[in-house]
Each structure stands twice: as C-alpha cells, then as structure tokens.
$ cat run_24.pdb   # PDB, C-alpha atoms, pLDDT in the B column
ATOM      1  CA  MET A 401      12.104   4.606  -7.856  1.00 47.00           C
ATOM      2  CA  SER A 402      12.822   1.171  -6.547  1.00 50.00           C
ATOM      3  CA  ILE A 403      12.307   0.533  -2.900  1.00 61.00           C
ATOM      4  CA  ASP A 404      15.384   0.066  -0.765  1.00 75.00           C
ATOM      5  CA  ILE A 405      14.302  -2.524   1.802  1.00 81.00           C
ATOM      6  CA  GLN A 406      17.214  -1.726   4.131  1.00 87.00           C
ATOM      7  CA  SER A 407      16.266   1.967   4.242  1.00 89.00           C
ATOM      8  CA  ILE A 408      12.637   1.099   4.965  1.00 90.00           C
ATOM      9  CA  ALA A 409      13.731  -1.324   7.692  1.00 93.00           C
ATOM     10  CA  GLY A 410      15.889   1.419   9.224  1.00 94.00           C
ATOM     11  CA  ARG A 411      12.941   3.826   9.266  1.00 94.00           C
ATOM     12  CA  LEU A 412      10.782   1.148  10.952  1.00 96.00           C
ATOM     13  CA  VAL A 413      13.387   0.812  13.715  1.00 96.00           C
ATOM     14  CA  GLU A 414      13.788   4.604  14.010  1.00 96.00           C
ATOM     15  CA  LEU A 415      10.059   5.315  14.206  1.00 96.00           C
ATOM     16  CA  ARG A 416       9.293   2.417  16.558  1.00 96.00           C
ATOM     17  CA  THR A 417      12.093   3.447  18.897  1.00 96.00           C
ATOM     18  CA  PHE A 418      11.114   7.120  18.763  1.00 95.00           C
ATOM     19  CA  SER A 419       7.505   6.119  19.546  1.00 96.00           C
ATOM     20  CA  ASP A 420       8.784   4.139  22.540  1.00 96.00           C
ATOM     21  CA  TYR A 421       7.424   0.725  21.491  1.00 97.00           C
ATOM     22  CA  SER A 422       9.268  -2.556  21.973  1.00 96.00           C
ATOM     23  CA  THR A 423       9.377  -4.972  19.040  1.00 96.00           C
ATOM     24  CA  ALA A 424       6.872  -7.168  20.916  1.00 97.00           C
ATOM     25  CA  GLN A 425       4.460  -4.251  21.434  1.00 97.00           C
ATOM     26  CA  MET A 426       4.704  -3.159  17.789  1.00 97.00           C
ATOM     27  CA  ALA A 427       4.204  -6.715  16.563  1.00 96.00           C
ATOM     28  CA  GLU A 428       1.056  -7.023  18.678  1.00 96.00           C
ATOM     29  CA  LEU A 429      -0.309  -3.696  17.394  1.00 95.00           C
ATOM     30  CA  LEU A 430       0.259  -4.887  13.817  1.00 93.00           C
ATOM     31  CA  GLY A 431      -1.212  -8.351  14.404  1.00 90.00           C
ATOM     32  CA  LEU A 432       2.086 -10.162  13.845  1.00 91.00           C
ATOM     33  CA  SER A 433       4.317 -12.437  15.860  1.00 94.00           C
ATOM     34  CA  GLU A 434       7.407 -10.714  17.224  1.00 96.00           C
ATOM     35  CA  SER A 435       9.656 -12.914  15.063  1.00 94.00           C
ATOM     36  CA  GLU A 436       7.734 -11.864  11.903  1.00 92.00           C
ATOM     37  CA  TYR A 437       8.034  -8.212  12.836  1.00 95.00           C
ATOM     38  CA  VAL A 438      11.753  -8.453  13.656  1.00 95.00           C
ATOM     39  CA  LEU A 439      12.299 -10.005  10.217  1.00 93.00           C
ATOM     40  CA  PHE A 440      10.884  -6.832   8.632  1.00 93.00           C
ATOM     41  CA  GLU A 441      13.015  -4.552  10.820  1.00 94.00           C
ATOM     42  CA  SER A 442      16.114  -6.547   9.840  1.00 93.00           C
ATOM     43  CA  GLY A 443      15.390  -5.941   6.153  1.00 88.00           C
ATOM     44  CA  LYS A 444      15.361  -9.683   5.476  1.00 87.00           C
ATOM     45  CA  GLY A 445      11.633  -9.980   4.767  1.00 76.00           C
ATOM     46  CA  GLU A 446       9.568  -8.461   1.942  1.00 77.00           C
ATOM     47  CA  ILE A 447       7.497  -5.797   3.736  1.00 82.00           C
ATOM     48  CA  PRO A 448       3.866  -5.807   2.541  1.00 78.00           C
ATOM     49  CA  ILE A 449       2.490  -2.389   1.603  1.00 76.00           C
ATOM     50  CA  SER A 450      -0.468  -3.015   3.906  1.00 76.00           C
ATOM     51  CA  LEU A 451       1.960  -3.393   6.825  1.00 84.00           C
ATOM     52  CA  ILE A 452       3.631  -0.082   5.946  1.00 87.00           C
ATOM     53  CA  TYR A 453       0.250   1.671   6.004  1.00 82.00           C
ATOM     54  CA  ARG A 454      -0.720   0.073   9.343  1.00 86.00           C
ATOM     55  CA  PHE A 455       2.688   0.903  10.848  1.00 94.00           C
ATOM     56  CA  ALA A 456       2.402   4.529   9.659  1.00 90.00           C
ATOM     57  CA  SER A 457      -1.013   4.780  11.304  1.00 88.00           C
ATOM     58  CA  VAL A 458       0.303   3.380  14.604  1.00 94.00           C
ATOM     59  CA  VAL A 459       3.233   5.812  14.818  1.00 95.00           C
ATOM     60  CA  GLY A 460       1.359   8.777  13.318  1.00 90.00           C
ATOM     61  CA  THR A 461       3.378   9.369  10.166  1.00 90.00           C
ATOM     62  CA  GLU A 462       2.876   9.284   6.413  1.00 85.00           C
ATOM     63  CA  PRO A 463       3.383   5.972   4.572  1.00 84.00           C
ATOM     64  CA  MET A 464       5.568   7.757   1.982  1.00 81.00           C
ATOM     65  CA  TYR A 465       7.989   8.731   4.752  1.00 88.00           C
ATOM     66  CA  ILE A 466       8.501   5.045   5.497  1.00 90.00           C
ATOM     67  CA  LEU A 467       8.832   4.187   1.790  1.00 83.00           C
ATOM     68  CA  ALA A 468      10.924   7.104   0.557  1.00 81.00           C
ATOM     69  CA  GLY A 469      12.190   9.011   3.591  1.00 84.00           C
ATOM     70  CA  SER A 470      10.436  12.301   2.780  1.00 82.00           C
ATOM     71  CA  MET A 471       7.398  13.951   4.348  1.00 85.00           C
ATOM     72  CA  PRO A 472       4.564  15.676   2.460  1.00 82.00           C
ATOM     73  CA  THR A 473       4.632  19.481   2.516  1.00 84.00           C
ATOM     74  CA  LYS A 474       1.324  20.709   0.974  1.00 88.00           C
ATOM     75  CA  ASP A 475      -1.846  21.620   2.879  1.00 88.00           C
ATOM     76  CA  ASP A 476      -4.224  23.112   0.301  1.00 93.00           C
ATOM     77  CA  ALA A 477      -3.788  21.359  -3.040  1.00 94.00           C
ATOM     78  CA  VAL A 478      -1.462  19.033  -4.910  1.00 91.00           C
ATOM     79  CA  ILE A 479      -1.450  18.617  -8.662  1.00 92.00           C
ATOM     80  CA  LEU A 480       0.218  15.714 -10.399  1.00 89.00           C
ATOM     81  CA  TYR A 481       0.569  16.169 -14.167  1.00 91.00           C
ATOM     82  CA  SER A 482       0.358  13.209 -16.516  1.00 89.00           C
ATOM     83  CA  GLY A 483       3.658  11.375 -16.763  1.00 84.00           C
ATOM     84  CA  THR A 484       4.997  12.852 -13.525  1.00 84.00           C
ATOM     85  CA  GLY A 485       5.074  11.479 -10.018  1.00 82.00           C
ATOM     86  CA  VAL A 486       7.131   8.863  -8.284  1.00 79.00           C
ATOM     87  CA  GLU A 487       6.607   5.346  -9.603  1.00 81.00           C
ATOM     88  CA  VAL A 488       7.343   2.830  -6.881  1.00 78.00           C
ATOM     89  CA  GLU A 489       8.212  -0.684  -7.952  1.00 76.00           C
ATOM     90  CA  ARG A 490       7.021  -2.654  -4.959  1.00 72.00           C
ATOM     91  CA  TYR A 491       8.208  -5.957  -6.395  1.00 72.00           C
ATOM     92  CA  ASP A 492       8.534  -7.496  -9.844  1.00 76.00           C
ATOM     93  CA  GLY A 493       5.198  -6.999 -11.592  1.00 83.00           C
ATOM     94  CA  TYR A 494       3.686  -4.542  -9.078  1.00 85.00           C
ATOM     95  CA  LYS A 495       4.150  -0.799  -9.508  1.00 87.00           C
ATOM     96  CA  PHE A 496       2.217   2.115  -8.097  1.00 87.00           C
ATOM     97  CA  THR A 497       2.291   5.883  -8.286  1.00 88.00           C
ATOM     98  CA  PRO A 498       0.978   7.780  -5.243  1.00 88.00           C
ATOM     99  CA  LEU A 499      -1.276  10.538  -6.593  1.00 92.00           C
ATOM    100  CA  ALA A 500      -1.265  12.780  -3.508  1.00 89.00           C
ATOM    101  CA  GLU A 501       2.207  12.112  -2.120  1.00 83.00           C
ATOM    102  CA  GLU A 502       2.859  15.737  -1.203  1.00 87.00           C
ATOM    103  CA  PHE A 503      -0.481  16.350   0.574  1.00 89.00           C
ATOM    104  CA  ARG A 504      -0.246  16.329   4.368  1.00 84.00           C
ATOM    105  CA  HIS A 505      -2.782  14.754   6.729  1.00 83.00           C
ATOM    106  CA  LYS A 506      -4.562  12.740   4.039  1.00 84.00           C
ATOM    107  CA  ASN A 507      -7.831  10.946   4.831  1.00 86.00           C
ATOM    108  CA  MET A 508      -7.373   8.800   1.734  1.00 89.00           C
ATOM    109  CA  ASN A 509      -4.494   7.552  -0.370  1.00 87.00           C
ATOM    110  CA  PRO A 510      -5.134   7.544  -4.128  1.00 94.00           C
ATOM    111  CA  MET A 511      -2.708   5.486  -6.201  1.00 92.00           C
ATOM    112  CA  LEU A 512      -2.341   4.407  -9.806  1.00 95.00           C
ATOM    113  CA  VAL A 513      -1.463   0.693  -9.771  1.00 95.00           C
ATOM    114  CA  THR A 514       0.005  -1.379 -12.591  1.00 95.00           C
ATOM    115  CA  LEU A 515      -0.064  -5.157 -12.130  1.00 94.00           C
ATOM    116  CA  ALA A 516       1.520  -7.834 -14.286  1.00 93.00           C
ATOM    117  CA  PRO A 517      -0.093 -11.280 -14.437  1.00 90.00           C
ATOM    118  CA  THR A 518       0.752 -13.617 -11.554  1.00 82.00           C
ATOM    119  CA  ASP A 519      -0.071 -17.179 -10.604  1.00 76.00           C
ATOM    120  CA  SER A 520      -0.191 -16.687  -6.850  1.00 78.00           C
ATOM    121  CA  PRO A 521      -1.679 -13.406  -5.628  1.00 81.00           C
ATOM    122  CA  GLU A 522      -0.804 -12.263  -2.119  1.00 81.00           C
ATOM    123  CA  LEU A 523      -3.916 -11.737  -0.015  1.00 86.00           C
ATOM    124  CA  VAL A 524      -3.601  -8.631   2.143  1.00 84.00           C
ATOM    125  CA  VAL A 525      -5.655  -7.076   4.924  1.00 83.00           C
ATOM    126  CA  HIS A 526      -5.691  -3.447   6.081  1.00 80.00           C
ATOM    127  CA  GLY A 527      -7.972  -0.922   7.706  1.00 79.00           C
ATOM    128  CA  GLY A 528     -10.111   1.776   6.187  1.00 86.00           C
ATOM    129  CA  GLN A 529     -12.056   1.304   2.987  1.00 93.00           C
ATOM    130  CA  GLU A 530     -10.867   0.667  -0.566  1.00 96.00           C
ATOM    131  CA  PHE A 531     -12.079   1.720  -4.004  1.00 97.00           C
ATOM    132  CA  ASN A 532     -10.746   0.257  -7.284  1.00 98.00           C
ATOM    133  CA  TYR A 533     -11.538   1.696 -10.738  1.00 98.00           C
ATOM    134  CA  LEU A 534     -10.189  -0.312 -13.678  1.00 98.00           C
ATOM    135  CA  LEU A 535      -8.565   1.729 -16.449  1.00 98.00           C
ATOM    136  CA  GLU A 536      -6.903  -0.946 -18.631  1.00 97.00           C
ATOM    137  CA  GLY A 537      -6.947  -4.736 -18.942  1.00 97.00           C
ATOM    138  CA  GLU A 538      -9.204  -7.091 -17.021  1.00 97.00           C
ATOM    139  CA  LEU A 539      -9.012  -7.662 -13.291  1.00 96.00           C
ATOM    140  CA  ARG A 540     -10.197 -10.327 -10.885  1.00 96.00           C
ATOM    141  CA  VAL A 541     -10.581  -8.939  -7.377  1.00 96.00           C
ATOM    142  CA  ILE A 542     -10.766 -11.422  -4.517  1.00 96.00           C
ATOM    143  CA  VAL A 543     -12.483 -10.087  -1.373  1.00 97.00           C
ATOM    144  CA  GLY A 544     -12.970 -12.676   1.364  1.00 96.00           C
ATOM    145  CA  ASP A 545     -14.857 -15.616  -0.166  1.00 96.00           C
ATOM    146  CA  ASN A 546     -16.061 -13.593  -3.173  1.00 97.00           C
ATOM    147  CA  GLU A 547     -14.548 -12.821  -6.563  1.00 97.00           C
ATOM    148  CA  TYR A 548     -15.395  -9.833  -8.738  1.00 98.00           C
ATOM    149  CA  PHE A 549     -14.453  -9.445 -12.397  1.00 98.00           C
ATOM    150  CA  LEU A 550     -13.769  -5.934 -13.679  1.00 98.00           C
ATOM    151  CA  ARG A 551     -13.377  -4.523 -17.185  1.00 98.00           C
ATOM    152  CA  PRO A 552     -12.314  -0.941 -18.032  1.00 98.00           C
ATOM    153  CA  GLY A 553     -14.767   1.514 -16.521  1.00 98.00           C
ATOM    154  CA  ASP A 554     -15.920  -0.922 -13.799  1.00 98.00           C
ATOM    155  CA  SER A 555     -15.347  -0.158 -10.129  1.00 98.00           C
ATOM    156  CA  LEU A 556     -15.468  -1.946  -6.799  1.00 98.00           C
ATOM    157  CA  TYR A 557     -15.753  -0.439  -3.309  1.00 98.00           C
ATOM    158  CA  PHE A 558     -15.038  -2.850  -0.457  1.00 98.00           C
ATOM    159  CA  ASN A 559     -13.976  -3.458   3.119  1.00 96.00           C
ATOM    160  CA  PRO A 560     -10.228  -4.253   3.010  1.00 92.00           C
ATOM    161  CA  ALA A 561     -10.369  -5.851   6.465  1.00 90.00           C
ATOM    162  CA  GLN A 562     -11.331  -8.906   4.402  1.00 94.00           C
ATOM    163  CA  PRO A 563      -8.350 -10.753   2.873  1.00 93.00           C
ATOM    164  CA  HIS A 564      -8.151  -9.416  -0.678  1.00 94.00           C
ATOM    165  CA  ALA A 565      -6.041  -9.346  -3.824  1.00 92.00           C
ATOM    166  CA  GLN A 566      -6.195  -7.968  -7.345  1.00 95.00           C
ATOM    167  CA  VAL A 567      -5.197 -10.329 -10.164  1.00 94.00           C
ATOM    168  CA  PRO A 568      -4.826  -9.381 -13.862  1.00 96.00           C
ATOM    169  CA  MET A 569      -6.670 -11.723 -16.227  1.00 95.00           C
ATOM    170  CA  ASN A 570      -5.995 -13.185 -19.671  1.00 94.00           C
ATOM    171  CA  GLY A 571      -2.201 -12.786 -19.364  1.00 93.00           C
ATOM    172  CA  THR A 572      -2.308  -9.001 -19.738  1.00 94.00           C
ATOM    173  CA  VAL A 573      -1.252  -6.106 -17.504  1.00 96.00           C
ATOM    174  CA  ALA A 574      -4.005  -4.340 -15.570  1.00 97.00           C
ATOM    175  CA  LYS A 575      -3.920  -0.666 -14.626  1.00 97.00           C
ATOM    176  CA  PHE A 576      -6.320   0.704 -12.042  1.00 98.00           C
ATOM    177  CA  LEU A 577      -6.938   3.601  -9.728  1.00 97.00           C
ATOM    178  CA  THR A 578      -7.181   2.620  -6.088  1.00 95.00           C
ATOM    179  CA  VAL A 579      -8.220   4.894  -3.245  1.00 95.00           C
ATOM    180  CA  ILE A 580      -7.654   3.685   0.298  1.00 91.00           C
ATOM    181  CA  THR A 581      -9.083   5.601   3.235  1.00 87.00           C
ATOM    182  CA  GLU A 582      -7.296   5.806   6.555  1.00 71.00           C
TER     183      GLU A 582
END

$ encode --input "run_24.pdb" --output "structure tokens"
Amino acid sequence: MSIDIQSIAGRLVELRTFSDYSTAQMAELLGLSESEYVLFESGKGEIPISLIYRFASVVGTEPMYILAGSMPTKDDAVILYSGTGVEVERYDGYKFTPLAEEFRHKNMNPMLVTLAPTDSPELVVHGGQEFNYLLEGELRVIVGDNEYFLRPGDSLYFNPAQPHAQVPMNGTVAKFLTVITE
C-alpha cells in the first residue's frame, strides 16, 4: 500500500474541522507554525509519521484511520500471520507494517520497519516511549546527543521526545521491530 498524500490531507481537514479546531489552534497543539500545518493539509508537504501520531492523539482517533481511512474493529485479540498485513511505503526507502492495525484502543503501536541506507536521516520527535529490536542488518540510532549501534538481537528503549532517527549502516537494509507507546 502506498500512501496517498491527498487522501491523508483530506482526513486531516475532516478530523480537524469535526473536532472544531482552527488551523492555528491545531498547529499550536502540534508544535508547528500555522503555515507549516496548512502545507500538510493542502497535501503539498511530506507528512511525517510522528505528526500523524500526534494529530491522531489530539483528535482521539487511530493513526491508521488517518493513513488508510479505516478504523480498527477488534477488542480482544488480533493475529497477523507471517507474510500478511498492510505494508506502508512511507517514502522511498522507508516501509513499515503495523502489527496490531485492527486492535482498537491500543496503548502501544508495534510495527515492523524496513529501512534502506540514507545519507541524511530525518530527526523526529513524538510522545510516549519507544522500543527498537533489531532483526536484520546493522543500525545506528540517534537519540538527542547520543548514538547507539545495534546488531541483530540488540534492543534500545528510549524517550522519543528527544530528536531521534534510525540509520542503516554499512550500505545494507535494516529491519527492526519498533513499539511506540501512546
């Protein structure tokens, strides 16, 4: 599944309007300037995944509704068999599969992330807590002023309120499990 930026932008407008926020109020709640926020609602700016999660929290919805337009339906258990699930290509070189997409009222968001090597990682900030467990490749994780180097089987638990990024090393793809709490 590739992400349709225009559809996401439309859902941002719909949810903001339904929640009775102005663009200025929403921008302030998200820690953005109004002009930055309006760019996302127009579909002209690449919408960071961290912004989608923060927006979902503000308006009280599921991030997957903003991304894909569908709401989770399960309350007791969700199973995702190997090779199934929705793979979201966020942008070239960054893919993730939500592992509990159909579970309602999640306290955490587990995802399988596949990253291609990049020269300029985007530092992101979001609420909650984050856990990364490296499955394949080698990964450099930047958290604030610190860098951590992971090999398969290594894990890192950190405060994602610090600017952070994951960067594959040695020119190879990295695959890791990430769990983000609300």

$ closest_residue --input "run_24.pdb" --among "A:Ser407, A:Val579, A:Ile452, A:Arg540" --to "Leu499 (chain A)" --atoms "all atoms listed in the file"
A:Val579

$ atom_distance --input "run_24.pdb" --atom1 "CA of Tyr557 (chain A)" --atom2 "CA of Ile542 (chain A)"
12.1 Å

$ closest_atom_pairs --input "run_24.pdb" --of "region 431-499 of chain A" --to "region 506-516 of chain A" --cutoff "12 Å" --atoms "all atoms listed in the file" --output "tab-separated table"
residue	atom	partner	partner_atom	distance
A:Tyr453	CA	A:Asn509	CA	9.9
A:Ser457	CA	A:Asn507	CA	11.2
A:Gly460	CA	A:Lys506	CA	11.7
A:Thr461	CA	A:Lys506	CA	10.6
A:Glu462	CA	A:Lys506	CA	8.5
A:Pro463	CA	A:Asn509	CA	9.4
A:Met464	CA	A:Asn509	CA	10.3
A:Pro472	CA	A:Lys506	CA	9.7
A:Thr473	CA	A:Lys506	CA	11.5
A:Lys474	CA	A:Lys506	CA	10.4
A:Asp475	CA	A:Lys506	CA	9.4
A:Asp476	CA	A:Lys506	CA	11.0
A:Ala477	CA	A:Lys506	CA	11.2
A:Val478	CA	A:Lys506	CA	11.4
A:Leu480	CA	A:Met511	CA	11.4
A:Ser482	CA	A:Leu512	CA	11.4
A:Gly483	CA	A:Leu512	CA	11.5
A:Thr484	CA	A:Leu512	CA	11.8
A:Gly485	CA	A:Leu512	CA	10.2
A:Val486	CA	A:Leu512	CA	10.6
A:Glu487	CA	A:Leu512	CA	9.0
A:Val488	CA	A:Val513	CA	9.5
A:Glu489	CA	A:Thr514	CA	9.5
A:Arg490	CA	A:Val513	CA	10.3
A:Tyr491	CA	A:Leu515	CA	10.1
A:Asp492	CA	A:Ala516	CA	8.3
A:Gly493	CA	A:Ala516	CA	4.6
A:Tyr494	CA	A:Leu515	CA	4.9
A:Lys495	CA	A:Thr514	CA	5.2
A:Phe496	CA	A:Val513	CA	4.3
A:Thr497	CA	A:Leu512	CA	5.1
A:Pro498	CA	A:Met511	CA	4.4
A:Leu499	CA	A:Met511	CA	5.3

$ resolve_selection --input "run_24.pdb" --expression "the PyMOL selection byres ((chain A and resi 520) around 12)" --output "list in words"
Ala516, Pro517, Thr518, Asp519, Pro521, Glu522, Leu523, Ala565, Gln566, Val567 and Pro568 of chain A

$ atom_distance --input "run_24.pdb" --atom1 "CA of Arg504 (chain A)" --atom2 "CA of Leu467 (chain A)"
15.4 Å

$ closest_residue --input "run_24.pdb" --among "A:Leu415, A:Val543, A:Ala456, A:Leu429" --to "Gln562 (chain A)" --atoms "all atoms listed in the file"
A:Val543

$ closest_residue --input "run_24.pdb" --among "A:Glu502, A:Arg454, A:Asp420, A:Lys444" --to "Leu432 (chain A)" --atoms "all atoms listed in the file"
A:Arg454

$ closest_residue --input "run_24.pdb" --among "A:Ile405, A:Leu535, A:Leu412, A:Val541" --to "Tyr465 (chain A)" --atoms "all atoms listed in the file"
A:Leu412

$ residues_near_point --input "run_24.pdb" --point "(4.5, -1.8, 13.1)" --cutoff "12 Å" --atoms "all atoms listed in the file" --output "ChimeraX atom specification"
/A:408-409,411-417,419-434,436-441,447-461,463,466

$ resolve_selection --input "run_24.pdb" --expression "the PyMOL selection byres ((chain A and resi 539) around 9)" --output "JSON, numbers by chain"
{"A": [534, 536, 537, 538, 540, 541, 548, 549, 550, 551, 552, 566, 567, 568, 569, 570, 573, 574, 575, 576]}

$ write_last_selection --input "run_24.pdb" --atoms "C-alpha atoms" --output "PDB file, keeping the file's coordinate frame"
ATOM      1  CA  LEU A 534     -10.189  -0.312 -13.678  1.00 98.00           C
ATOM      2  CA  GLU A 536      -6.903  -0.946 -18.631  1.00 97.00           C
ATOM      3  CA  GLY A 537      -6.947  -4.736 -18.942  1.00 97.00           C
ATOM      4  CA  GLU A 538      -9.204  -7.091 -17.021  1.00 97.00           C
ATOM      5  CA  ARG A 540     -10.197 -10.327 -10.885  1.00 96.00           C
ATOM      6  CA  VAL A 541     -10.581  -8.939  -7.377  1.00 96.00           C
ATOM      7  CA  TYR A 548     -15.395  -9.833  -8.738  1.00 98.00           C
ATOM      8  CA  PHE A 549     -14.453  -9.445 -12.397  1.00 98.00           C
ATOM      9  CA  LEU A 550     -13.769  -5.934 -13.679  1.00 98.00           C
ATOM     10  CA  ARG A 551     -13.377  -4.523 -17.185  1.00 98.00           C
ATOM     11  CA  PRO A 552     -12.314  -0.941 -18.032  1.00 98.00           C
ATOM     12  CA  GLN A 566      -6.195  -7.968  -7.345  1.00 95.00           C
ATOM     13  CA  VAL A 567      -5.197 -10.329 -10.164  1.00 94.00           C
ATOM     14  CA  PRO A 568      -4.826  -9.381 -13.862  1.00 96.00           C
ATOM     15  CA  MET A 569      -6.670 -11.723 -16.227  1.00 95.00           C
ATOM     16  CA  ASN A 570      -5.995 -13.185 -19.671  1.00 94.00           C
ATOM     17  CA  VAL A 573      -1.252  -6.106 -17.504  1.00 96.00           C
ATOM     18  CA  ALA A 574      -4.005  -4.340 -15.570  1.00 97.00           C
ATOM     19  CA  LYS A 575      -3.920  -0.666 -14.626  1.00 97.00           C
ATOM     20  CA  PHE A 576      -6.320   0.704 -12.042  1.00 98.00           C
TER      21      PHE A 576
END

$ atom_distance --input "run_24.pdb" --atom1 "CA of Thr572 (chain A)" --atom2 "CA of Ala500 (chain A)"
27.2 Å

$ axis_aligned_box --input "run_24.pdb" --around "region 558-570 of chain A" --padding-each-side "6 Å" --output "AutoDock Vina command-line options"
--center_x -9.9 --center_y -8.0 --center_z -6.6 --size_x 22.2 --size_y 22.3 --size_z 38.1

$ residues_around --input "run_24.pdb" --residues "Gln529 (chain A)" --least-positions-apart "3" --cutoff "8 Å" --atoms "all atoms listed in the file" --output "list in words"
Tyr557, Phe558, Asn559, Pro560, Ile580, Thr581 and Glu582 of chain A

$ resolve_selection --input "run_24.pdb" --expression "the PyMOL selection byres ((chain A and resi 532) around 6)" --output "CSV table (one decimal) with C-alpha atoms, in the frame of the given file"
chain,number,residue,atom,x,y,z
A,531,PHE,CA,-12.1,1.7,-4.0
A,533,TYR,CA,-11.5,1.7,-10.7
A,555,SER,CA,-15.3,-0.2,-10.1
A,556,LEU,CA,-15.5,-1.9,-6.8
A,577,LEU,CA,-6.9,3.6,-9.7
A,578,THR,CA,-7.2,2.6,-6.1

$ decode --input "run_24.pdb" --residues "region 414-432 of chain A" --atoms "C-alpha atoms" --output "CSV table (one decimal), in the first residue's frame"
chain,number,residue,atom,x,y,z
A,414,GLU,CA,-12.1,16.5,8.0
A,415,LEU,CA,-10.9,15.5,11.5
A,416,ARG,CA,-9.7,19.0,12.5
A,417,THR,CA,-13.0,20.5,11.3
A,418,PHE,CA,-15.1,17.9,13.0
A,419,SER,CA,-13.1,18.4,16.3
A,420,ASP,CA,-13.8,22.2,15.9
A,421,TYR,CA,-10.2,23.4,15.8
A,422,SER,CA,-8.9,26.2,13.6
A,423,THR,CA,-5.7,25.6,11.6
A,424,ALA,CA,-3.9,28.0,14.0
A,425,GLN,CA,-5.2,26.0,17.1
A,426,MET,CA,-4.2,22.7,15.6
A,427,ALA,CA,-0.8,24.0,14.6
A,428,GLU,CA,-0.2,25.2,18.1
A,429,LEU,CA,-1.2,21.8,19.6
A,430,LEU,CA,1.2,20.0,17.2
A,431,GLY,CA,4.1,22.5,17.9
A,432,LEU,CA,4.1,23.8,14.3
